[in-house]
>>> print(open('entry30.txt').read())   # compact mmCIF, C-alpha atoms (C1' of nucleotides)
# COMPACT_ATOMS: atom_id res chain seq x y z
CA MET A 1 0.00 0.00 0.00
CA THR A 2 2.83 2.36 0.71
CA GLN A 3 3.87 2.09 -2.91
CA VAL A 4 0.58 2.62 -4.61
CA GLU A 5 -0.88 4.98 -2.06
CA ALA A 6 2.23 7.10 -1.97
CA LYS A 7 2.01 7.43 -5.72
CA GLU A 8 -1.67 8.30 -5.52
CA PHE A 9 -0.92 10.93 -2.92
CA ARG A 10 1.90 12.48 -4.91
CA GLU A 11 -0.33 12.71 -7.92
CA LEU A 12 -3.12 14.29 -5.94
CA CYS A 13 -0.73 16.86 -4.55
CA ALA A 14 0.65 17.62 -7.96
CA ALA A 15 -2.86 18.05 -9.31
CA CYS A 16 -3.73 20.43 -6.48
CA GLY A 17 -0.45 22.27 -6.54
CA ILE A 18 0.49 21.52 -2.96
CA ALA A 19 3.79 20.25 -1.67
CA VAL A 20 4.33 16.67 -0.62
CA THR A 21 5.72 16.41 2.87
CA HIS A 22 6.18 13.52 5.22
CA GLN A 23 3.57 14.90 7.64
CA ARG A 24 0.99 15.26 4.93
CA GLN A 25 1.69 11.81 3.62
CA VAL A 26 1.17 10.23 7.02
CA LEU A 27 -1.92 12.32 7.70
CA PHE A 28 -3.38 11.30 4.37
CA GLU A 29 -2.81 7.64 5.04
CA VAL A 30 -4.24 7.82 8.52
CA LEU A 31 -7.35 9.53 7.17
CA LYS A 32 -7.79 7.01 4.40
CA SER A 33 -7.32 4.02 6.66
CA THR A 34 -9.48 5.18 9.55
CA PRO A 35 -13.05 3.93 9.40
CA GLY A 36 -15.86 6.34 10.20
CA HIS A 37 -15.33 10.04 10.73
CA PRO A 38 -12.72 10.69 13.37
CA SER A 39 -12.40 14.02 15.10
CA PRO A 40 -9.26 16.08 14.60
CA GLU A 41 -8.10 15.03 18.06
CA GLU A 42 -8.43 11.38 17.17
CA VAL A 43 -6.60 11.89 13.92
CA TYR A 44 -3.90 13.75 15.80
CA SER A 45 -3.32 10.92 18.21
CA SER A 46 -3.08 8.40 15.38
CA VAL A 47 -0.65 10.48 13.40
CA LYS A 48 1.37 11.04 16.53
CA LYS A 49 2.21 7.36 16.71
CA GLN A 50 4.19 7.75 13.52
CA ILE A 51 5.41 11.32 13.98
CA PRO A 52 5.58 11.99 17.71
CA SER A 53 6.74 15.55 17.18
CA ILE A 54 3.78 16.62 15.08
CA SER A 55 1.58 19.37 16.44
CA LEU A 56 -2.19 19.56 16.54
CA ALA A 57 -2.05 22.80 14.59
CA THR A 58 -0.34 21.03 11.72
CA VAL A 59 -3.07 18.44 11.70
CA TYR A 60 -5.76 21.10 11.53
CA LYS A 61 -3.86 23.11 8.98
CA ASN A 62 -3.45 20.18 6.66
CA ILE A 63 -6.92 18.78 7.11
CA ARG A 64 -8.16 22.22 6.13
CA LEU A 65 -5.76 22.20 3.18
CA PHE A 66 -7.07 18.83 2.03
CA LEU A 67 -10.62 20.08 2.32
CA ASN A 68 -9.91 23.25 0.40
CA SER A 69 -8.10 21.30 -2.28
CA GLY A 70 -11.07 19.02 -2.69
CA ILE A 71 -9.10 15.93 -1.70
CA PHE A 72 -11.61 15.25 1.04
CA ARG A 73 -14.92 16.72 2.03
CA GLU A 74 -16.49 17.86 5.24
CA VAL A 75 -19.18 15.59 6.60
CA SER A 76 -21.47 18.45 7.49
CA LEU A 77 -21.66 21.59 5.43
CA HIS A 78 -23.79 23.31 7.99
CA HIS A 79 -22.78 26.43 9.80
CA GLY A 80 -20.33 25.93 12.61
CA SER A 81 -22.73 27.15 15.26
CA LEU A 82 -25.91 25.93 16.87
CA ARG A 83 -28.94 26.24 14.62
CA VAL A 84 -32.46 25.61 15.71
CA GLU A 85 -35.15 23.98 13.68
CA MET A 86 -38.38 25.86 14.22
CA ASN A 87 -40.31 24.49 11.27
CA ARG A 88 -42.53 21.73 12.63
CA ARG A 89 -43.64 20.44 9.23
CA PRO A 90 -41.73 17.62 7.56
CA HIS A 91 -39.18 19.34 5.41
CA HIS A 92 -35.61 19.24 4.21
CA HIS A 93 -32.84 21.73 3.56
CA LEU A 94 -31.45 23.52 0.57
CA VAL A 95 -27.85 24.29 1.34
CA CYS A 96 -26.13 26.73 -0.97
CA THR A 97 -22.51 25.75 -1.39
CA VAL A 98 -21.56 29.29 -2.34
CA CYS A 99 -23.14 31.51 0.28
CA LYS A 100 -23.78 28.74 2.80
CA SER A 101 -27.36 29.76 3.35
CA ILE A 102 -29.83 27.13 4.47
CA SER A 103 -33.47 27.30 3.51
CA ASP A 104 -36.31 24.90 3.97
CA ILE A 105 -38.20 22.91 1.41
CA ASP A 106 -41.33 20.98 2.23
CA GLU A 107 -41.09 17.24 2.02
CA GLU A 108 -43.77 17.00 -0.68
CA GLU A 109 -42.01 19.50 -2.88
CA LEU A 110 -38.94 17.34 -2.91
CA GLY A 111 -40.81 14.25 -4.00
CA PRO A 112 -41.47 10.81 -2.59
CA MET A 113 -39.36 9.38 0.19
CA ARG A 114 -38.69 5.89 1.28
CA SER A 115 -40.35 4.95 4.52
CA PRO A 116 -38.94 4.10 7.93
CA GLY A 117 -37.83 0.58 8.75
CA LYS A 118 -34.82 -1.69 8.96
CA LEU A 119 -31.85 -1.07 6.76
CA PRO A 120 -28.96 -3.35 5.94
CA GLY A 121 -26.72 -3.59 8.97
CA GLY A 122 -29.59 -3.69 11.44
CA PHE A 123 -29.99 0.06 11.60
CA PHE A 124 -33.54 1.11 12.31
CA ALA A 125 -34.43 4.20 10.29
CA GLU A 126 -36.89 6.54 11.96
CA ARG A 127 -36.66 9.60 9.79
CA PHE A 128 -34.75 11.00 6.84
CA SER A 129 -33.10 14.35 6.72
CA ILE A 130 -32.00 15.49 3.31
CA ASP A 131 -29.60 18.26 2.51
CA VAL A 132 -29.86 19.33 -1.07
CA LEU A 133 -26.49 20.80 -1.96
CA GLY A 134 -26.30 23.23 -4.81
CA ARG A 135 -26.72 26.88 -5.59
CA CYS A 136 -29.43 29.22 -4.52
CA ALA A 137 -31.01 31.45 -7.15
CA ALA A 138 -28.78 34.36 -6.17
CA CYS A 139 -25.54 32.41 -6.45
CA GLN A 140 -26.00 30.81 -9.83
CA GLN A 141 -24.19 33.58 -11.71
CA ILE A 142 -21.08 33.46 -9.61
CA PRO A 143 -18.45 30.93 -10.65
CA PRO A 144 -17.53 28.25 -8.12
CA ASP A 145 -15.66 29.42 -5.03
CA GLY A 146 -16.51 33.15 -4.86
CA ASP A 147 -17.50 33.88 -1.27
CA GLU A 148 -18.99 37.33 -1.45
CA PRO A 149 -22.77 37.14 -1.29
CA ASP A 150 -23.78 37.42 2.31
CA ASP A 151 -27.19 35.89 1.95
CA LEU A 152 -27.36 34.82 5.57
CA ASN A 153 -30.57 33.22 6.58
CA MET B 1 -50.80 36.16 18.29
CA THR B 2 -49.88 36.97 21.84
CA GLN B 3 -53.08 35.35 23.01
CA VAL B 4 -52.96 32.12 21.11
CA GLU B 5 -49.20 31.74 21.08
CA ALA B 6 -48.88 32.46 24.75
CA LYS B 7 -51.42 29.76 25.42
CA GLU B 8 -49.58 27.36 23.15
CA PHE B 9 -46.35 28.10 24.93
CA ARG B 10 -47.84 27.63 28.38
CA GLU B 11 -49.23 24.30 27.34
CA LEU B 12 -45.93 23.20 25.89
CA CYS B 13 -44.15 24.13 29.08
CA ALA B 14 -46.70 22.34 31.19
CA ALA B 15 -46.33 19.25 29.04
CA CYS B 16 -42.54 19.36 29.40
CA GLY B 17 -42.58 20.24 33.06
CA ILE B 18 -40.65 23.47 32.70
CA ALA B 19 -41.50 26.82 34.17
CA VAL B 20 -42.99 29.64 32.17
CA THR B 21 -40.98 32.82 32.45
CA HIS B 22 -41.07 36.07 30.60
CA GLN B 23 -37.62 35.46 29.08
CA ARG B 24 -38.60 32.04 27.79
CA GLN B 25 -41.82 33.35 26.36
CA VAL B 26 -40.04 36.06 24.41
CA LEU B 27 -37.32 33.68 23.26
CA PHE B 28 -39.94 31.25 22.08
CA GLU B 29 -41.76 33.87 20.09
CA VAL B 30 -38.60 35.20 18.53
CA LEU B 31 -37.61 31.70 17.48
CA LYS B 32 -41.00 30.96 16.01
CA SER B 33 -41.21 34.20 14.11
CA THR B 34 -37.68 34.24 12.71
CA PRO B 35 -37.37 32.77 9.24
CA GLY B 36 -34.45 30.49 8.48
CA HIS B 37 -32.09 29.22 11.14
CA PRO B 38 -30.58 32.07 13.09
CA SER B 39 -27.45 31.66 15.14
CA PRO B 40 -27.63 32.07 18.92
CA GLU B 41 -26.04 35.49 18.57
CA GLU B 42 -28.72 36.59 16.16
CA VAL B 43 -31.44 35.29 18.41
CA TYR B 44 -29.82 37.06 21.32
CA SER B 45 -29.87 40.39 19.58
CA SER B 46 -33.52 40.00 18.64
CA VAL B 47 -34.57 39.03 22.12
CA LYS B 48 -32.57 41.90 23.51
CA LYS B 49 -34.85 44.38 21.79
CA GLN B 50 -37.64 43.25 24.06
CA ILE B 51 -35.61 42.41 27.15
CA PRO B 52 -32.48 44.56 27.09
CA SER B 53 -31.19 43.06 30.30
CA ILE B 54 -31.17 39.46 29.08
CA SER B 55 -27.84 37.71 28.91
CA LEU B 56 -26.43 35.54 26.15
CA ALA B 57 -26.03 32.70 28.63
CA THR B 58 -29.76 32.73 29.29
CA VAL B 59 -30.41 32.48 25.58
CA TYR B 60 -28.10 29.50 25.24
CA LYS B 61 -29.47 27.89 28.37
CA ASN B 62 -33.03 28.14 27.23
CA ILE B 63 -32.39 27.17 23.63
CA ARG B 64 -30.71 24.08 25.02
CA LEU B 65 -33.68 23.55 27.32
CA PHE B 66 -36.10 23.78 24.40
CA LEU B 67 -34.02 21.31 22.44
CA ASN B 68 -33.82 18.86 25.30
CA SER B 69 -37.54 19.16 25.90
CA GLY B 70 -38.24 18.39 22.29
CA ILE B 71 -39.93 21.73 21.69
CA PHE B 72 -37.48 22.41 18.88
CA ARG B 73 -34.81 20.42 17.13
CA GLU B 74 -31.25 21.02 16.12
CA VAL B 75 -30.72 21.53 12.42
CA SER B 76 -27.65 19.34 12.36
CA LEU B 77 -27.33 16.31 14.56
CA HIS B 78 -23.71 15.89 13.65
CA HIS B 79 -20.91 16.04 16.11
CA GLY B 80 -19.86 19.49 17.14
CA SER B 81 -16.39 19.15 15.71
CA LEU B 82 -14.85 18.97 12.27
CA ARG B 83 -15.39 15.62 10.59
CA VAL B 84 -13.79 14.56 7.37
CA GLU B 85 -15.39 12.54 4.65
CA MET B 86 -12.85 10.06 3.37
CA ASN B 87 -15.25 7.81 1.53
CA ARG B 88 -15.07 8.81 -2.13
CA ARG B 89 -18.01 6.70 -3.25
CA PRO B 90 -21.51 8.18 -3.35
CA HIS B 91 -22.97 7.38 0.02
CA HIS B 92 -25.11 8.70 2.84
CA HIS B 93 -25.06 8.61 6.62
CA LEU B 94 -26.73 6.58 9.29
CA VAL B 95 -26.88 8.76 12.37
CA CYS B 96 -27.78 7.04 15.62
CA THR B 97 -29.84 9.36 17.76
CA VAL B 98 -28.82 7.49 20.90
CA CYS B 99 -25.07 7.11 20.70
CA LYS B 100 -24.54 9.78 18.03
CA SER B 101 -22.39 7.51 15.90
CA ILE B 102 -22.26 8.15 12.18
CA SER B 103 -21.71 5.36 9.71
CA ASP B 104 -21.83 5.25 5.97
CA ILE B 105 -24.28 3.54 3.69
CA ASP B 106 -23.74 3.27 -0.03
CA GLU B 107 -26.11 5.19 -2.20
CA GLU B 108 -27.42 2.07 -3.93
CA GLU B 109 -28.21 0.38 -0.65
CA LEU B 110 -30.48 3.23 0.26
CA GLY B 111 -32.44 3.06 -2.93
CA PRO B 112 -33.14 5.33 -5.87
CA MET B 113 -32.53 9.04 -5.66
CA ARG B 114 -33.96 11.89 -7.55
CA SER B 115 -31.55 13.51 -9.94
CA PRO B 116 -29.94 16.94 -9.97
CA GLY B 117 -31.71 19.88 -11.52
CA LYS B 118 -33.84 22.88 -10.73
CA LEU B 119 -36.11 22.85 -7.74
CA PRO B 120 -38.99 25.17 -6.88
CA GLY B 121 -37.58 28.50 -5.84
CA GLY B 122 -34.87 28.48 -8.47
CA PHE B 123 -32.44 26.45 -6.42
CA PHE B 124 -30.14 24.34 -8.54
CA ALA B 125 -29.57 20.95 -6.90
CA GLU B 126 -26.17 19.42 -7.53
CA ARG B 127 -26.12 16.60 -5.06
CA PHE B 128 -28.14 15.09 -2.24
CA SER B 129 -26.84 14.25 1.17
CA ILE B 130 -29.11 12.12 3.28
CA ASP B 131 -28.89 11.58 7.00
CA VAL B 132 -30.89 8.60 8.07
CA LEU B 133 -31.79 9.22 11.69
CA GLY B 134 -32.62 6.27 13.87
CA ARG B 135 -30.98 3.67 16.02
CA CYS B 136 -27.95 1.59 15.32
CA ALA B 137 -28.13 -2.11 16.00
CA ALA B 138 -26.46 -1.70 19.39
CA CYS B 139 -28.83 1.00 20.60
CA GLN B 140 -32.14 -0.62 19.79
CA GLN B 141 -32.59 -2.17 23.22
CA ILE B 142 -32.08 1.00 25.14
CA PRO B 143 -35.15 3.17 25.69
CA PRO B 144 -35.08 6.70 24.24
CA ASP B 145 -32.63 9.10 25.85
CA GLY B 146 -30.10 6.82 27.57
CA ASP B 147 -26.66 8.07 26.70
CA GLU B 148 -24.37 5.30 27.81
CA PRO B 149 -23.16 3.28 24.85
CA ASP B 150 -20.00 4.81 23.63
CA ASP B 151 -20.12 3.33 20.20
CA LEU B 152 -17.87 5.97 18.69
CA ASN B 153 -17.60 5.67 14.98
C1' DT C 1 29.01 23.93 -2.34
C1' DT C 2 27.05 28.27 -0.83
C1' DG C 3 23.48 31.68 -0.40
C1' DA C 4 18.93 32.84 -0.41
C1' DC C 5 14.06 32.19 -0.74
C1' DA C 6 9.57 29.76 -0.36
C1' DG C 7 6.95 27.07 1.95
C1' DA C 8 6.24 23.88 5.97
C1' DC C 9 6.59 23.03 10.83
C1' DG C 10 5.79 23.40 15.80
C1' DA C 11 4.85 26.22 19.77
C1' DT C 12 1.89 29.12 21.38
C1' DA C 13 -1.32 32.98 21.47
C1' DA C 14 -5.73 34.34 20.07
C1' DT C 15 -10.71 33.70 18.74
C1' DA C 16 -15.12 31.90 18.71
C1' DA C 17 -18.69 29.13 20.46
C1' DT C 18 -20.59 27.06 24.26
C1' DT C 19 -21.19 25.60 28.99
C1' DA C 20 -20.54 25.78 34.01
C1' DT C 21 -20.50 28.31 38.28
C1' DC C 22 -22.22 31.26 41.60
C1' DG C 23 -24.47 34.84 44.02
C1' DT C 24 -28.84 37.18 43.75
C1' DC C 25 -33.65 37.67 42.91
C1' DT C 26 -38.45 36.29 42.48
C1' DC C 27 -42.38 33.89 43.15
C1' DC C 28 -44.98 30.29 45.23
C1' DT C 29 -46.28 27.79 49.55
C1' DG C 30 -47.07 27.29 53.86
C1' DC D 1 -43.83 36.92 56.37
C1' DA D 2 -40.08 33.18 56.19
C1' DG D 3 -38.10 29.42 53.36
C1' DG D 4 -36.95 27.10 49.31
C1' DA D 5 -36.80 26.03 44.29
C1' DG D 6 -35.78 27.42 40.25
C1' DA D 7 -34.48 31.29 37.01
C1' DC D 8 -31.46 35.08 35.96
C1' DG D 9 -27.29 37.60 34.72
C1' DA D 10 -22.34 38.18 35.13
C1' DT D 11 -18.50 36.03 34.45
C1' DA D 12 -15.15 32.29 34.47
C1' DA D 13 -13.99 28.16 32.23
C1' DT D 14 -13.90 24.84 28.34
C1' DT D 15 -13.55 23.30 23.81
C1' DA D 16 -12.66 23.71 19.11
C1' DT D 17 -10.28 26.07 15.75
C1' DT D 18 -7.33 29.46 13.53
C1' DA D 19 -3.59 32.91 13.33
C1' DT D 20 1.05 34.32 14.28
C1' DC D 21 5.80 33.92 14.36
C1' DG D 22 10.39 32.32 14.54
C1' DT D 23 12.90 28.41 12.83
C1' DC D 24 14.10 24.81 9.73
C1' DT D 25 14.53 22.36 5.24
C1' DG D 26 14.85 21.54 0.54
C1' DT D 27 15.55 23.67 -3.99
C1' DC D 28 17.68 26.41 -7.46
C1' DA D 29 21.08 29.78 -9.31
C1' DA D 30 25.68 31.18 -9.22
>>> encode(input="entry30.txt", output="structure tokens")
Amino acid sequence: MTQVEAKEFRELCAACGIAVTHQRQVLFEVLKSTPGHPSPEEVYSSVKKQIPSISLATVYKNIRLFLNSGIFREVSLHHGSLRVEMNRRPHHHLVCTVCKSISDIDEEELGPMRSPGKLPGGFFAERFSIDVLGRCAACQQIPPDGDEPDDLN
Amino acid sequence: MTQVEAKEFRELCAACGIAVTHQRQVLFEVLKSTPGHPSPEEVYSSVKKQIPSISLATVYKNIRLFLNSGIFREVSLHHGSLRVEMNRRPHHHLVCTVCKSISDIDEEELGPMRSPGKLPGGFFAERFSIDVLGRCAACQQIPPDGDEPDDLN
DNA sequence: TTGACAGACGATAATAATTATCGTCTCCTG
DNA sequence: CAGGAGACGATAATTATTATCGTCTGTCAA
């Protein structure tokens, strides 16, 4: 795996225009080989086994770099602060990837859903929450990435 | 609205066994009448117009109380820290409401999806991200609320 | 090889978001 | 009217994350 993965990583870095360093290589491999969605602290302690001198800031910095480069994604694109759901009707969310606004859409408007019940793996589904990622009407002109419109909601 | 809403609020509080106070009443009404999903700071500044002496801590405390009582919900049930998505295949998330673990489920396993395109309101949908909320296999015995199992993902 | 620069690192300070603590106040109950 | 429970507000404390800064390393030209 070191062989192939190292190659993959070098190519990814080249494509994104970022430098290949030992720390980044190890971080990348830890991320790829860790099941689930570990917190930065957990990632830090794994990476530390291989590079005891690494700092938490480096882990954050490079995770953020990977995210910005599109190598990985964030699990939740929601705002980083507590948001309350006041809408009592069944609905889902339209999340604009440009201005980060979140608006509601009624469940019926989005179309039919599958119903609750067992899923493979023994998980019992009670309810579905859908984030529709895309661009709000106001952000469709702007090319990807621009961060200006402050369409807070 | 004061009449009917106040009554509604008093009944909700009675049902949840929490006290009715002026601060909570105002907070409740601000939450209900604010479109979108305001941050605690935004809520605070709205409430402040009616109760200038209120403190931010009271806002947080009571929002948390409302959430715990089930009067409102959180928009995102994800962990409060940065999580990275390493899985490159199209997939969605199984979020256990008891132990808060998040695991992946492949898109095909979940069934057919609707495809990208325009939605009502002019929003352009690029991709769908589904959180299936429910109980993981390990948490199905436990009655609602128990917080013990530490099935970290 | 040397000199010099760019970018990466690690330590640490600084922010931001949220929660806990604590003394005070208020309202109900007896 | 006294006593107690719970609510408030101020503020300290935590947690999560980002910024700053001095140092180090690897690369390229001379």
>>> closest_atom_pairs(input="entry30.txt", of="chain B", to="chain A", cutoff="8 Å", atoms="only C-alpha atoms", output="CSV")
residue,atom,partner,partner_atom,distance
B:Leu31,CA,A:Met86,CA,6.7
B:Lys32,CA,A:Met86,CA,6.0
B:Pro35,CA,A:Asn153,CA,7.3
B:Gly36,CA,A:Asn153,CA,5.1
B:His37,CA,A:Arg83,CA,5.6
B:Pro38,CA,A:Arg83,CA,6.2
B:Ser39,CA,A:Arg83,CA,5.6
B:Pro40,CA,A:Leu82,CA,6.7
B:Phe72,CA,A:Met86,CA,5.9
B:Arg73,CA,A:Glu85,CA,5.0
B:Glu74,CA,A:Val84,CA,4.8
B:Val75,CA,A:Glu85,CA,5.2
B:Ser76,CA,A:His78,CA,7.1
B:His78,CA,A:Ser76,CA,7.0
B:Gly80,CA,A:Gly80,CA,7.9
B:Ser81,CA,A:Ser39,CA,6.5
B:Leu82,CA,A:Ser39,CA,6.2
B:Arg83,CA,A:Val75,CA,5.5
B:Val84,CA,A:Glu74,CA,4.8
B:Glu85,CA,A:Arg73,CA,5.0
B:Met86,CA,A:Phe72,CA,5.8
B:Arg88,CA,A:Phe72,CA,8.0
B:Leu94,CA,A:Phe123,CA,7.6
B:Ile102,CA,A:Gly36,CA,6.9
B:Ser103,CA,A:Gly36,CA,6.0
B:Asp104,CA,A:Gly36,CA,7.4
B:Glu109,CA,A:Pro120,CA,7.6
B:Leu110,CA,A:Leu119,CA,7.9
B:Leu119,CA,A:Leu110,CA,7.9
B:Pro120,CA,A:Glu109,CA,7.6
B:Gly121,CA,A:Ala137,CA,7.3
B:Gly122,CA,A:Ala137,CA,5.0
B:Phe123,CA,A:Cys136,CA,4.5
B:Phe124,CA,A:Arg135,CA,5.2
B:Ala125,CA,A:Gly134,CA,4.5
B:Glu126,CA,A:Gly134,CA,4.7
B:Arg127,CA,A:Leu133,CA,5.2
B:Phe128,CA,A:Val132,CA,4.7
B:Ser129,CA,A:Asp131,CA,5.0
B:Ile130,CA,A:Ile130,CA,4.4
B:Asp131,CA,A:Ser129,CA,5.0
B:Val132,CA,A:Phe128,CA,4.7
B:Leu133,CA,A:Arg127,CA,5.2
B:Gly134,CA,A:Ala125,CA,4.5
B:Arg135,CA,A:Phe124,CA,5.2
B:Cys136,CA,A:Phe123,CA,4.5
B:Ala137,CA,A:Gly122,CA,5.0
B:Gln140,CA,A:Phe124,CA,7.8
B:Asn153,CA,A:Gly36,CA,5.1
>>> atom_distance(input="entry30.txt", atom1="CA of Glu5 (chain A)", atom2="C1' of DG10 (chain C)")
26.5 Å
>>> interface_residues(input="entry30.txt", of="chain C", to="chain B", cutoff="10 Å", atoms="all atoms listed in the file", output="compact mmCIF listing (two decimals) with C-alpha atoms (C1' of nucleotides), in the frame of the given file")
# COMPACT_ATOMS: atom_id res chain seq x y z
C1' DA C 17 -18.69 29.13 20.46
C1' DT C 18 -20.59 27.06 24.26
C1' DT C 19 -21.19 25.60 28.99
>>> atom_distance(input="entry30.txt", atom1="CA of Gly70 (chain A)", atom2="CA of Leu56 (chain A)")
21.2 Å
>>> closest_atom_pairs(input="entry30.txt", of="chain D", to="chain B", cutoff="12 Å", atoms="all atoms listed in the file", output="CSV")
residue,atom,partner,partner_atom,distance
D:DA5,C1',B:Ala19,CA,11.2
D:DG6,C1',B:Ala19,CA,8.4
D:DA7,C1',B:Thr21,CA,8.1
D:DC8,C1',B:Thr58,CA,7.3
D:DG9,C1',B:Ser55,CA,5.8
D:DA10,C1',B:Ser55,CA,8.3
D:DT11,C1',B:Ala57,CA,10.1
D:DT15,C1',B:Ser81,CA,9.5
D:DA16,C1',B:Ser81,CA,6.8
D:DT17,C1',B:Leu82,CA,9.1
>>> atom_distance(input="entry30.txt", atom1="CA of Arg10 (chain A)", atom2="CA of Asn62 (chain A)")
14.9 Å
>>> residues_around(input="entry30.txt", residues="DA30 (chain D)", least_positions_apart="3", cutoff="12 Å", atoms="only C-alpha atoms (C1' of nucleotides)", output="list in words")
DT1, DT2, DG3 and DA4 of chain C
>>> residues_around(input="entry30.txt", residues="DG4 (chain D)", least_positions_apart="3", cutoff="12 Å", atoms="only C-alpha atoms (C1' of nucleotides)", output="number ranges by chain")
C: 26-30
>>> residues_around(input="entry30.txt", residues="region 46-49 of chain A", least_positions_apart="6", cutoff="7 Å", atoms="all atoms listed in the file", output="PDB file with C-alpha atoms, in the frame of the given file")
ATOM      1  CA  VAL A  26       1.170  10.230   7.020  1.00  0.00           C
ATOM      2  CA  LEU A  27      -1.920  12.320   7.700  1.00  0.00           C
ATOM      3  CA  VAL A  30      -4.240   7.820   8.520  1.00  0.00           C
TER       4      VAL A  30
END
>>> axis_aligned_box(input="entry30.txt", around="region 3-7 of chain C", padding_each_side="6 Å", output="AutoDock Vina command-line options")
--center_x 15.2 --center_y 30.0 --center_z 0.6 --size_x 28.5 --size_y 17.8 --size_z 14.7
>>> build_atoms(input="entry30.txt", residues="region 45-59 of chain B", atoms="N, CA and C atoms", output="compact mmCIF listing (two decimals), keeping the file's coordinate frame")
# COMPACT_ATOMS: atom_id res chain seq x y z
N SER B 45 -29.67 38.97 19.84
CA SER B 45 -29.87 40.39 19.58
C SER B 45 -31.33 40.71 19.32
N SER B 46 -32.08 39.76 18.80
CA SER B 46 -33.52 40.00 18.64
C SER B 46 -34.22 40.06 19.99
N VAL B 47 -33.91 39.10 20.82
CA VAL B 47 -34.57 39.03 22.12
C VAL B 47 -34.25 40.28 22.94
N LYS B 48 -33.03 40.75 22.76
CA LYS B 48 -32.57 41.90 23.51
C LYS B 48 -33.41 43.15 23.27
N LYS B 49 -34.02 43.22 22.07
CA LYS B 49 -34.85 44.38 21.79
C LYS B 49 -36.03 44.44 22.75
N GLN B 50 -36.49 43.27 23.15
CA GLN B 50 -37.64 43.25 24.06
C GLN B 50 -37.23 43.15 25.52
N ILE B 51 -36.09 42.52 25.78
CA ILE B 51 -35.61 42.41 27.15
C ILE B 51 -34.13 42.81 27.16
N PRO B 52 -33.87 44.11 27.23
CA PRO B 52 -32.48 44.56 27.09
C PRO B 52 -31.53 43.98 28.12
N SER B 53 -32.07 43.55 29.24
CA SER B 53 -31.19 43.06 30.30
C SER B 53 -30.84 41.58 30.16
N ILE B 54 -31.40 40.91 29.17
CA ILE B 54 -31.17 39.46 29.08
C ILE B 54 -29.70 39.18 28.76
N SER B 55 -29.23 38.04 29.19
CA SER B 55 -27.84 37.71 28.91
C SER B 55 -27.76 36.58 27.88
N LEU B 56 -26.63 36.56 27.18
CA LEU B 56 -26.43 35.54 26.15
C LEU B 56 -26.51 34.14 26.76
N ALA B 57 -26.01 34.01 27.97
CA ALA B 57 -26.03 32.70 28.63
C ALA B 57 -27.47 32.21 28.81
N THR B 58 -28.36 33.11 29.12
CA THR B 58 -29.76 32.73 29.29
C THR B 58 -30.34 32.24 27.97
N VAL B 59 -29.95 32.91 26.90
CA VAL B 59 -30.41 32.48 25.58
C VAL B 59 -29.92 31.07 25.29
